[in-house]
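Participant: Sharing a structure with you now.
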Amino acid sequence: MERMQQVVGRARAAFNLGRCRSLEFRMQQLKALQRMVQEKEEEILAAIKADLHKSASNAYSREILGVLGELALAMDKLPSWAAPQPVKKNLLTMRDEAYICPEPLGVVLIIGAWNYPFVLVMQPLIGAIAAGNAVVVKPSEISENTARLVAALLPQYLDRVSVAPCLTGLS
């Protein structure tokens with residue numbers, strides 16, 4: 001429990017320092033995540049096969065392709081998602097400049113599921129990074145091989161403070 005508090009505390013500190021907020025940082029993290037999926041595709045598929053006995057074609061089509069598609073969409077749309085959106089003016093705000101500015105909220109906890117152990121961690125991670133949040137990732141302990149792989153890969157490719165994997169319940 002103490003380790004979890006430390007991980008969350010470091011993520012919260014990274015967020016409070018504004019480490020994850022810049023658009024450039026978010027794009028860099030998304031590109032690094034894309035590079036991770038492309039470079040480690042074989043290892044990801046092997047871990048999924050070891051955990052769930054899914055064929056390579058099934059795992060690729062259900063887990064890898066979805067993540068790569070989500071990454072492409074997020075990288076393409078991120079500048080428009082992060083841009084201030086003008087709002088309708090009324091009589092009171094007629095002479096003002098009124099905008100809605102999207103703001104990150106803080107630290108996000110992502111808890112993975114056993115049945116799609118890669119995609120159900122990565123897709124929420126993509127959204128959390130794109131939104132500018134710090135993230136604590138807790139993969140499912142039931143899909144042990146995939147959980148260990150995700151926990152090993154994330155610090156190699158992403159910022160170690162703003163995206164922190166946390167393994168619990170593994171033997």
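Numbering starts fresh at 1 for the residues of each chain in the structure tokens, the chains themselves are lettered A, B, ... in the order given, and ligands are numbered from 1 as they appear.
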Counting only C-alpha atoms, what are the residues of region 79-161 of chain A within 8 Å of region 31-41 of chain A, and for each of them which pair of atoms is the nearest and at what distance in Å, to one decimal? Sort the table by chain and rising number, as CSV.

Facilitator:
```
residue,atom,partner,partner_atom,distance
A:Leu153,CA,A:Met36,CA,7.5
A:Tyr157,CA,A:Ala32,CA,5.7
A:Leu158,CA,A:Ala32,CA,6.4
```

Participant: Given the selection you just returned, output its residues as a file containing N, CA, C and O atoms, formatted as a PDB file, in the first residue's frame.

Facilitator:
```
ATOM      1  N   LEU A 153       7.711  -2.170 -20.244  1.00  0.00           N
ATOM      2  CA  LEU A 153       7.846  -1.329 -21.437  1.00  0.00           C
ATOM      3  C   LEU A 153       7.530   0.149 -21.197  1.00  0.00           C
ATOM      4  O   LEU A 153       8.207   1.018 -21.747  1.00  0.00           O
ATOM      5  N   TYR A 157       9.757   3.705 -22.604  1.00  0.00           N
ATOM      6  CA  TYR A 157       9.330   4.562 -23.707  1.00  0.00           C
ATOM      7  C   TYR A 157       8.699   5.874 -23.253  1.00  0.00           C
ATOM      8  O   TYR A 157       8.765   6.863 -23.975  1.00  0.00           O
ATOM      9  N   LEU A 158       8.045   5.882 -22.105  1.00  0.00           N
ATOM     10  CA  LEU A 158       7.320   7.069 -21.657  1.00  0.00           C
ATOM     11  C   LEU A 158       7.999   7.696 -20.451  1.00  0.00           C
ATOM     12  O   LEU A 158       8.836   7.076 -19.802  1.00  0.00           O
TER      13      LEU A 158
END
```

Participant: Can you list, as a PyMOL selection string, all residues belonging to region 93-170 of chain A that DSSP tags as strand (DSSP E)?

Facilitator: chain A and resi 99-100+107-111+134-138+163-165

Participant: Write a file of the selected residues as a PDB file, in the first residue's frame, keeping C-alpha atoms.

Facilitator:
```pdb
ATOM      1  CA  TYR A  99     -13.825  30.551 -24.663  1.00  0.00           C
ATOM      2  CA  ILE A 100     -13.907  27.128 -23.143  1.00  0.00           C
ATOM      3  CA  VAL A 107      -3.924  11.959 -11.966  1.00  0.00           C
ATOM      4  CA  VAL A 108      -5.774   9.142 -13.718  1.00  0.00           C
ATOM      5  CA  LEU A 109      -5.822   5.539 -12.501  1.00  0.00           C
ATOM      6  CA  ILE A 110      -6.197   2.935 -15.247  1.00  0.00           C
ATOM      7  CA  ILE A 111      -7.069  -0.573 -14.081  1.00  0.00           C
ATOM      8  CA  ALA A 134      -0.467  12.076 -15.147  1.00  0.00           C
ATOM      9  CA  VAL A 135      -1.304   8.367 -15.143  1.00  0.00           C
ATOM     10  CA  VAL A 136      -0.953   5.384 -12.828  1.00  0.00           C
ATOM     11  CA  VAL A 137      -1.403   2.134 -14.757  1.00  0.00           C
ATOM     12  CA  LYS A 138      -2.404  -1.059 -12.943  1.00  0.00           C
ATOM     13  CA  VAL A 163       3.168   7.571 -16.447  1.00  0.00           C
ATOM     14  CA  ALA A 164       3.783   5.030 -13.701  1.00  0.00           C
ATOM     15  CA  PRO A 165       2.962   1.327 -13.937  1.00  0.00           C
TER      16      PRO A 165
END
```

Participant: Among chain A, which residues does DSSP mark as alpha helix (DSSP H) when it is run on the backbone? Keep the chain and numbering as in the structure and answer as a VMD selection string.

Facilitator: chain A and resid 2 to 16 23 to 39 41 to 52 56 to 59 65 to 82 119 to 131 144 to 157

Participant: Quick one: of A:Glu103, A:Glu70, A:Glu43, A:Glu2, who's nearest to Gly132 (chain A), counting only C-alpha atoms?

Facilitator: A:Glu103

Participant: For Leu154 (chain A), which of A:Thr168, A:Gln6, A:Gln29, A:Gln123 is the closest residue, counting only C-alpha atoms?

Facilitator: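 Checking each candidate against Leu154 (chain A), we get A:Gln29 as the closest.
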
Participant: What lies within 12 Å of Leu78 (chain A) using only C-alpha atoms, ignoring chain neighbours under 2 positions off, as a PyMOL selection string?

Facilitator: chain A and resi 22-28+30+70-76+80-84+102+126-132

Participant: Kindly save the residues from that selection, with N, CA and C atoms included, as a CSV table (one decimal), in the first residue's frame.

Facilitator:
```csv
chain,number,residue,atom,x,y,z
A,22,SER,N,1.9,20.5,-21.5
A,22,SER,CA,2.2,21.1,-22.8
A,22,SER,C,1.8,20.2,-23.9
A,23,LEU,N,1.4,20.8,-25.0
A,23,LEU,CA,1.0,20.1,-26.2
A,23,LEU,C,2.1,19.3,-26.7
A,24,GLU,N,3.3,19.9,-26.7
A,24,GLU,CA,4.5,19.2,-27.2
A,24,GLU,C,4.8,18.0,-26.4
A,25,PHE,N,4.7,18.1,-25.1
A,25,PHE,CA,5.0,16.9,-24.3
A,25,PHE,C,4.0,15.8,-24.6
A,26,ARG,N,2.7,16.1,-24.7
A,26,ARG,CA,1.7,15.1,-25.0
A,26,ARG,C,2.0,14.4,-26.3
A,27,MET,N,2.3,15.2,-27.3
A,27,MET,CA,2.6,14.6,-28.7
A,27,MET,C,3.8,13.7,-28.6
A,28,GLN,N,4.8,14.2,-27.9
A,28,GLN,CA,6.0,13.4,-27.8
A,28,GLN,C,5.7,12.0,-27.1
A,30,LEU,N,2.8,10.5,-27.0
A,30,LEU,CA,1.9,9.6,-27.9
A,30,LEU,C,2.8,9.0,-29.0
A,70,GLU,N,-6.1,4.3,-32.5
A,70,GLU,CA,-6.4,5.3,-31.5
A,70,GLU,C,-5.3,6.3,-31.4
A,71,LEU,N,-4.0,5.8,-31.5
A,71,LEU,CA,-2.9,6.7,-31.4
A,71,LEU,C,-2.9,7.6,-32.6
A,72,ALA,N,-3.1,7.1,-33.8
A,72,ALA,CA,-3.2,8.0,-35.0
A,72,ALA,C,-4.2,9.0,-34.9
A,73,LEU,N,-5.4,8.6,-34.4
A,73,LEU,CA,-6.5,9.6,-34.3
A,73,LEU,C,-6.1,10.7,-33.2
A,74,ALA,N,-5.6,10.3,-32.1
A,74,ALA,CA,-5.2,11.2,-31.0
A,74,ALA,C,-4.2,12.2,-31.5
A,75,MET,N,-3.2,11.7,-32.2
A,75,MET,CA,-2.1,12.6,-32.7
A,75,MET,C,-2.6,13.5,-33.7
A,76,ASP,N,-3.5,13.1,-34.6
A,76,ASP,CA,-4.1,13.9,-35.6
A,76,ASP,C,-5.0,15.0,-35.0
A,80,SER,N,-6.5,20.3,-32.2
A,80,SER,CA,-7.9,20.9,-32.2
A,80,SER,C,-8.6,20.5,-30.9
A,81,TRP,N,-8.3,19.4,-30.3
A,81,TRP,CA,-8.9,19.1,-29.0
A,81,TRP,C,-8.4,20.0,-27.9
A,82,ALA,N,-7.2,20.4,-27.9
A,82,ALA,CA,-6.6,21.2,-26.9
A,82,ALA,C,-6.8,22.7,-27.1
A,83,ALA,N,-7.3,23.1,-28.3
A,83,ALA,CA,-7.4,24.5,-28.6
A,83,ALA,C,-8.7,25.1,-27.9
A,84,PRO,N,-8.6,26.3,-27.5
A,84,PRO,CA,-9.8,27.0,-26.9
A,84,PRO,C,-10.9,27.0,-27.9
A,102,PRO,N,-10.0,23.6,-22.6
A,102,PRO,CA,-9.9,22.3,-22.0
A,102,PRO,C,-8.7,22.2,-21.1
A,126,ILE,N,-3.9,6.4,-23.8
A,126,ILE,CA,-3.8,7.3,-24.9
A,126,ILE,C,-4.7,8.5,-24.6
A,127,GLY,N,-5.9,8.3,-24.1
A,127,GLY,CA,-6.8,9.4,-23.8
A,127,GLY,C,-6.3,10.3,-22.7
A,128,ALA,N,-5.8,9.6,-21.6
A,128,ALA,CA,-5.3,10.3,-20.5
A,128,ALA,C,-4.0,11.2,-20.8
A,129,ILE,N,-3.1,10.6,-21.6
A,129,ILE,CA,-2.0,11.4,-22.0
A,129,ILE,C,-2.4,12.5,-22.9
A,130,ALA,N,-3.3,12.3,-23.9
A,130,ALA,CA,-3.7,13.3,-24.8
A,130,ALA,C,-4.4,14.5,-24.0
A,131,ALA,N,-5.1,14.1,-22.9
A,131,ALA,CA,-5.7,15.2,-22.1
A,131,ALA,C,-4.8,15.9,-21.2
A,132,GLY,N,-3.5,15.5,-21.1
A,132,GLY,CA,-2.5,16.2,-20.3
A,132,GLY,C,-2.5,15.7,-18.8
```

Participant: Select, from A:Gly112, A:Gly18, A:Pro86, A:Gly66, the residue with the minimum atom-to-atom distance to Val150 (chain A), counting only C-alpha atoms.

Facilitator: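 Checking each of A:Gly112, A:Gly18, A:Pro86, A:Gly66 against Val150 (chain A), counting only C-alpha atoms, the winner is A:Gly112.
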
Participant: Have a look at CA of Asp159 (chain A) and CA of Pro79 (chain A) and let me know their distance in Å, one decimal.

Facilitator: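 Distance between the two atoms: 20.5 Å.
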
Participant: Which neighbours of Ser143 (chain A) fall inside 12 Å, counting only C-alpha atoms, when residues of the same chain fewer than 6 positions from it are skipped, and could you give them as an MDAnalysis selection string?

Facilitator: chainID A and resid 44 47:53 112:118 120:121 149:150 167:171

Participant: Given the selection you just returned, output its residues as a file containing N, CA, C and O atoms, formatted as a short mmCIF file (atom, residue, chain, number, x, y, z; two decimals), in the first residue's frame.

Facilitator:
```
data_model
loop_
_atom_site.label_atom_id
_atom_site.label_comp_id
_atom_site.auth_asym_id
_atom_site.auth_seq_id
_atom_site.Cartn_x
_atom_site.Cartn_y
_atom_site.Cartn_z
N ILE A 44 4.49 -8.30 -27.43
CA ILE A 44 3.12 -8.08 -26.96
C ILE A 44 2.24 -9.27 -27.36
O ILE A 44 1.50 -9.81 -26.54
N ALA A 47 3.09 -12.33 -25.26
CA ALA A 47 2.55 -12.24 -23.90
C ALA A 47 1.06 -12.53 -23.88
O ALA A 47 0.57 -13.25 -22.99
N ILE A 48 0.33 -12.00 -24.85
CA ILE A 48 -1.11 -12.25 -24.94
C ILE A 48 -1.37 -13.73 -25.19
O ILE A 48 -2.26 -14.33 -24.60
N LYS A 49 -0.56 -14.33 -26.06
CA LYS A 49 -0.71 -15.76 -26.34
C LYS A 49 -0.44 -16.59 -25.08
O LYS A 49 -1.17 -17.52 -24.77
N ALA A 50 0.58 -16.22 -24.33
CA ALA A 50 0.91 -16.95 -23.10
C ALA A 50 -0.20 -16.82 -22.06
O ALA A 50 -0.47 -17.77 -21.33
N ASP A 51 -0.84 -15.67 -22.00
CA ASP A 51 -1.89 -15.45 -21.00
C ASP A 51 -3.23 -16.04 -21.41
O ASP A 51 -3.90 -16.69 -20.61
N LEU A 52 -3.63 -15.80 -22.65
CA LEU A 52 -4.99 -16.12 -23.07
C LEU A 52 -5.09 -17.14 -24.19
O LEU A 52 -6.19 -17.47 -24.62
N HIS A 53 -3.94 -17.59 -24.72
CA HIS A 53 -3.91 -18.55 -25.82
C HIS A 53 -4.62 -18.02 -27.06
O HIS A 53 -5.23 -18.79 -27.81
N GLY A 112 -6.47 -2.32 -15.65
CA GLY A 112 -6.64 -3.18 -16.81
C GLY A 112 -7.57 -4.35 -16.53
O GLY A 112 -7.78 -4.74 -15.39
N ALA A 113 -8.10 -4.89 -17.60
CA ALA A 113 -8.97 -6.07 -17.52
C ALA A 113 -8.19 -7.28 -18.05
O ALA A 113 -7.29 -7.15 -18.87
N TRP A 114 -8.55 -8.45 -17.58
CA TRP A 114 -7.81 -9.66 -17.94
C TRP A 114 -8.08 -10.13 -19.36
O TRP A 114 -7.22 -10.73 -19.99
N ASN A 115 -9.29 -9.90 -19.89
CA ASN A 115 -9.68 -10.51 -21.16
C ASN A 115 -9.12 -9.80 -22.39
O ASN A 115 -8.96 -10.41 -23.43
N TYR A 116 -8.82 -8.53 -22.29
CA TYR A 116 -8.12 -7.77 -23.34
C TYR A 116 -7.04 -6.98 -22.62
O TYR A 116 -7.14 -5.77 -22.46
N PRO A 117 -5.99 -7.67 -22.17
CA PRO A 117 -5.05 -7.07 -21.23
C PRO A 117 -4.21 -5.93 -21.79
O PRO A 117 -3.72 -5.10 -21.03
N PHE A 118 -4.06 -5.86 -23.09
CA PHE A 118 -3.24 -4.79 -23.67
C PHE A 118 -4.10 -3.60 -24.09
O PHE A 118 -3.87 -2.48 -23.65
N LEU A 120 -7.14 -2.71 -23.34
CA LEU A 120 -7.93 -2.04 -22.29
C LEU A 120 -7.07 -1.31 -21.27
O LEU A 120 -7.59 -0.68 -20.36
N VAL A 121 -5.76 -1.36 -21.45
CA VAL A 121 -4.85 -0.49 -20.71
C VAL A 121 -4.40 0.66 -21.62
O VAL A 121 -4.38 1.82 -21.22
N LEU A 149 4.94 -7.34 -18.97
CA LEU A 149 5.48 -6.69 -20.17
C LEU A 149 5.11 -5.21 -20.20
O LEU A 149 5.96 -4.35 -20.45
N VAL A 150 3.85 -4.90 -19.95
CA VAL A 150 3.40 -3.50 -19.95
C VAL A 150 4.18 -2.71 -18.89
O VAL A 150 4.66 -1.61 -19.15
N LEU A 167 2.41 -2.79 -10.40
CA LEU A 167 2.01 -4.20 -10.39
C LEU A 167 1.64 -4.61 -8.97
O LEU A 167 2.39 -4.36 -8.03
N THR A 168 0.47 -5.22 -8.82
CA THR A 168 0.06 -5.77 -7.54
C THR A 168 -0.57 -7.13 -7.78
O THR A 168 -1.12 -7.39 -8.85
N GLY A 169 -0.50 -8.00 -6.81
CA GLY A 169 -1.19 -9.28 -6.88
C GLY A 169 -0.52 -10.33 -7.76
O GLY A 169 -1.09 -11.38 -7.98
N LEU A 170 0.69 -10.05 -8.27
CA LEU A 170 1.37 -11.04 -9.10
C LEU A 170 2.20 -11.96 -8.22
O LEU A 170 2.76 -11.55 -7.22
N SER A 171 2.26 -13.23 -8.64
CA SER A 171 3.04 -14.18 -7.85
C SER A 171 4.52 -14.08 -8.19
O SER A 171 4.95 -13.60 -9.16
#
```

Participant: Could you check the closest approach to Ser162 (chain A) for each of A:Ile142, A:Ala46, A:Leu125, A:Ala59 and tell me which residue wins, using only C-alpha atoms?

Facilitator: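 Closest residue, counting only C-alpha atoms: A:Leu125.
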
Participant: Write out as an MDAnalysis selection string which residues come within 10 Å of Ser57 (chain A) when counting only C-alpha atoms, dropping same-chain ones fewer than 6 positions away.

Facilitator: chainID A and resid 45 63:64

Participant: For those residues, write N, CA and C atoms to a file as an mmCIF file, in the first residue's frame.

Facilitator:
```cif
data_model
loop_
_atom_site.group_PDB
_atom_site.id
_atom_site.type_symbol
_atom_site.label_atom_id
_atom_site.label_comp_id
_atom_site.auth_asym_id
_atom_site.auth_seq_id
_atom_site.Cartn_x
_atom_site.Cartn_y
_atom_site.Cartn_z
ATOM 1 N N LEU A 45 2.346 -9.673 -28.608
ATOM 2 C CA LEU A 45 1.553 -10.803 -29.089
ATOM 3 C C LEU A 45 1.925 -12.091 -28.350
ATOM 4 N N GLU A 63 -6.163 -6.244 -30.497
ATOM 5 C CA GLU A 63 -5.399 -5.495 -29.501
ATOM 6 C C GLU A 63 -4.470 -4.461 -30.153
ATOM 7 N N ILE A 64 -3.646 -4.862 -31.082
ATOM 8 C CA ILE A 64 -2.633 -3.970 -31.652
ATOM 9 C C ILE A 64 -3.246 -2.944 -32.601
#
```

Participant: Pick the closest to Ser140 (chain A) from A:Cys166, A:Phe15, A:Pro104, A:Val161: which is it, counting only C-alpha atoms?

Facilitator: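 Residue with the minimum atom-to-atom distance to Ser140 (chain A): A:Cys166.
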